[in-house]
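Inspection log for the structure reproduced underneath, given as structure tokens.
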Amino acid sequence: MNTKKRVMVAMSGGVDSSVAAALLLEEGYEVIGITMQIWQKDQQDERNGGCCSLTAVNDARRVADQLGIPYYVMNFRDLFAEKVIHYFIRAYQLGRTPNPCIACNRYIKFGAFLQKARSLEADFIATGHYANVCYDQDIKRYLMYRADYKAKDQSYALYTMNQEQLSQTLFPLGKYTKPDIRKKAEQLGLLVANKPDSQEICFVNDNDYRKFLSRQLSKQEIKPGPFVNTKGDVLGQHQGIPFYTVGQRKGLGLALGYPAYVVALDPLRDSVVLGRDEEVFQQELLAADHNWIALDTLEGPLEVQAKIRYNAKAAPAVIIPESEGRVRVKFLEPQRAITPGQAVVYYRDDLVIGGGTIDQVIFQ
């Protein structure tokens with residue numbers, strides 16, 4: 001009788017997910033490689049679109065052949081369009097800056113993919129993310145921690161995972177460094193050992209989101225409006241709120257005699273608020289749509305380190321529960337370019353407490 005645990009590995013054609021599959025195979029799991037087909041029919045170049053493009057599918061299939069594991073492609077195209085692409089477009093229309101990778105993790109990788117794995121009697125799913133998960137027997141909860149290799153830690157993008165998902169997901173790379181993973185791939189002779197990491201939004205060609213939005217939205221949906229300063233004085237005209245994000249300096253097309261930055265977006269007035277560098281710093285925000293990993297719920301003020309974007313440093317803050325599940329985040333020091341639509345994730349050292357979506361910046 002086969003007592004091996006079956007794990008379905010999400011293989012993107014990159015070195016991380018390829019080595020994740022190899023490590024699990026070495027640990028004695030029954031490994032099945034899966035690439036999630038999310039490529040949209042209207043994309044211009046389906047060969048070179050980063051993860052899940054045809055090039056990625058071909059690379060993942062060849063790695064699976066090298067490892068001697070079964071390999072399949074599963075179609076999540078329609079769900080991806082609904083939960084990731086439509087959300088991405090709508091967020092920019094509302095003057096918010098979305099994070100499509102977090103939406104993809106939430107609804108596709110650890111939502112629909114996990115459900116599919118269960119239907120195929122898999123015990124676990126696995127990905128090439130850098131993060132650590134363990135079960136705490138004392139509090140009877142699965143906990144998430146930052147990866148050992150902080151330069152590659154991806155826990156920020158995984159904060160939406162619930163207890164059920166954490167109990168059925170493996171992150172084989174959490175204890176490794178990126179150089180370790182490339183060295184392992186070379187030792188195994190994997191063809192992707194030196195493949196560069198994808199840094200692009202997979203459904204946006206050339207990472208030009210403005211061009212993508214221009215194709216997706218009509219002229220009525222991208223309306224020019226006024227640039228204003230923080231006092232409300234009109235400074236010029238912008239090309240449409242979806243083309244701007246908080247903290248932006250380049251591409252404004254204005255000469256004000258001083259470096260100007262986007263401080264805020266006001267879709268109700270169709271205005272883009274500009275200010276000097278010091279005006280981009282704020283100390284408080286309100287966040288919504290929370291998921292808690294280390295707690296059931298936030299019952300009172302809690303000192304944490306809060307991270308407001310993927311590449312930001314976690315900064316000391318106090319989080320305070322508000323009505324309707326919202327949380328007020330008070331930083332000890334002002335933070336640059338707090339951006340509605342982005343995630344704010346709370347840590348205690350390496351432990352992920354939880355996180356939510358930045359809903360509103362509190363201007364002082």
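Lettering and numbering for the structure tokens are positional, with chains as A, B, ... in the shown order, residues counted from 1 in each chain, and ligands counted from 1 in the shown order.
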Mind dumping a table of every range 179-236 of chain A residue within 12 Å of range 57-63 of chain A, with the nearest atom pair and its distance in Å to one decimal, using only C-alpha atoms, sorted by chain and rising number, as JSON lines?
```
{"residue": "A:Ala185", "atom": "CA", "partner": "A:Val63", "partner_atom": "CA", "distance": 10.2}
{"residue": "A:Leu188", "atom": "CA", "partner": "A:Val63", "partner_atom": "CA", "distance": 10.2}
{"residue": "A:Gly189", "atom": "CA", "partner": "A:Val63", "partner_atom": "CA", "distance": 9.5}
{"residue": "A:Leu190", "atom": "CA", "partner": "A:Val63", "partner_atom": "CA", "distance": 6.4}
{"residue": "A:Leu191", "atom": "CA", "partner": "A:Val63", "partner_atom": "CA", "distance": 7.0}
{"residue": "A:Val192", "atom": "CA", "partner": "A:Asp59", "partner_atom": "CA", "distance": 7.3}
{"residue": "A:Ala193", "atom": "CA", "partner": "A:Val63", "partner_atom": "CA", "distance": 10.3}
{"residue": "A:Lys195", "atom": "CA", "partner": "A:Asp59", "partner_atom": "CA", "distance": 10.0}
```
Excluding Ala131 in chain A and its own-chain neighbours fewer than 4 positions away, which residues fall within 9 Å of it when counting only C-alpha atoms? Please give them as a tab-separated table (two decimals) with N, CA and C atoms, in the first residue's frame.
```tsv
chain	number	residue	atom	x	y	z
A	144	MET	N	2.71	31.72	10.73
A	144	MET	CA	3.61	32.02	9.63
A	144	MET	C	4.73	32.92	10.12
A	145	TYR	N	5.94	32.62	9.64
A	145	TYR	CA	7.11	33.42	9.98
A	145	TYR	C	7.82	33.84	8.69
A	146	ARG	N	8.57	34.93	8.81
A	146	ARG	CA	9.40	35.34	7.68
A	146	ARG	C	10.37	34.22	7.32
A	147	ALA	N	10.77	34.21	6.06
A	147	ALA	CA	11.79	33.27	5.62
A	147	ALA	C	13.10	33.55	6.34
A	148	ASP	N	13.94	32.52	6.48
A	148	ASP	CA	15.25	32.71	7.09
A	148	ASP	C	16.10	33.69	6.29
A	149	TYR	N	15.95	33.65	4.97
A	149	TYR	CA	16.71	34.52	4.06
A	149	TYR	C	15.88	35.78	3.82
A	152	LYS	N	14.79	37.64	0.52
A	152	LYS	CA	13.83	37.03	-0.40
A	152	LYS	C	12.48	36.73	0.29
A	153	ASP	N	12.34	37.13	1.54
A	153	ASP	CA	11.12	36.82	2.29
A	153	ASP	C	9.88	37.30	1.54
A	154	GLN	N	8.87	36.42	1.45
A	154	GLN	CA	7.63	36.74	0.73
A	154	GLN	C	6.39	36.64	1.62
A	155	SER	N	6.59	36.67	2.93
A	155	SER	CA	5.45	36.56	3.84
A	155	SER	C	4.46	37.70	3.68
A	158	LEU	N	1.66	36.85	1.53
A	158	LEU	CA	0.95	35.62	1.93
A	158	LEU	C	0.05	35.83	3.14
A	171	PHE	N	5.93	25.07	2.25
A	171	PHE	CA	6.87	26.04	1.70
A	171	PHE	C	8.28	25.49	1.87
A	172	PRO	N	8.74	24.66	0.95
A	172	PRO	CA	10.04	23.98	1.12
A	172	PRO	C	11.24	24.91	1.14
A	173	LEU	N	11.09	26.15	0.66
A	173	LEU	CA	12.27	27.03	0.52
A	173	LEU	C	12.51	27.93	1.71
A	174	GLY	N	11.65	27.86	2.73
A	174	GLY	CA	11.71	28.82	3.82
A	174	GLY	C	13.02	28.88	4.57
A	175	LYS	N	13.77	27.78	4.59
A	175	LYS	CA	15.03	27.72	5.34
A	175	LYS	C	16.26	27.94	4.46
```
What is the CA of Lys231 in chain A-CA of Leu285 in chain A distance in Å, reported with one decimal?
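Here the two named atoms are 20.7 Å from each other.
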List every residue of range 119-331 of chain A that DSSP, applied to the backbone of this structure, places in alpha helix (DSSP H), and write the result as a PyMOL selection string.
chain A and resi 119+163-167+178-188+209-216
Residues at most 6 Å from Arg328 in chain A, counting only C-alpha atoms, excluding those fewer than 3 positions away in the same chain, as a PyMOL selection string?
chain A and resi 285-286+319-320
Write the residues of the selection above to a file with C-alpha atoms, as a JSON list (two decimals), in the first residue's frame.
```json
[["chain", "number", "residue", "atom", "x", "y", "z"],
["A", 285, "LEU", "CA", -3.70, 55.06, 8.34],
["A", 286, "LEU", "CA", -6.92, 53.10, 8.49],
["A", 319, "ILE", "CA", -2.49, 48.89, 15.80],
["A", 320, "ILE", "CA", -5.87, 49.73, 17.35]]
```
Return the single residue from A:Gly33, A:Gly341, A:Gly14, A:Gly275 that is closest to Pro100 in chain A, with distances computed using only C-alpha atoms.
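Smallest distance to Pro100 in chain A is found for A:Gly341.
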What gap, in Å, lies between CA of Leu295 in chain A and CA of Thr357 in chain A?
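Computing it gives 17.5 Å between the two atoms.
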d(CA of Gly28 in chain A, CA of Arg141 in chain A) in Å
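CA of Arg141 in chain A lies 25.8 Å from CA of Gly28 in chain A.
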Residues near Ala294 in chain A, cut-off 9 Å, only C-alpha atoms, skip fewer than 6 positions along chain, as a compact mmCIF listing (two decimals) with C-alpha atoms, in the first residue's frame:
```
# COMPACT_ATOMS: atom_id res chain seq x y z
CA ARG A 141 -2.81 27.53 15.54
CA TYR A 142 -0.71 27.42 12.40
CA LEU A 143 1.72 30.34 12.42
CA MET A 144 3.61 32.02 9.63
CA LEU A 351 6.02 36.25 13.29
CA VAL A 352 3.26 37.39 10.92
CA ILE A 353 0.37 38.67 13.07
CA GLY A 354 -1.92 39.42 10.12
```
For Gly95 in chain A, which residue among A:Leu256, A:Ala343, A:Arg269, A:Pro301 is the nearest when counting only C-alpha atoms?
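When distances to Gly95 in chain A are compared using only C-alpha atoms, the smallest one comes from A:Arg269.
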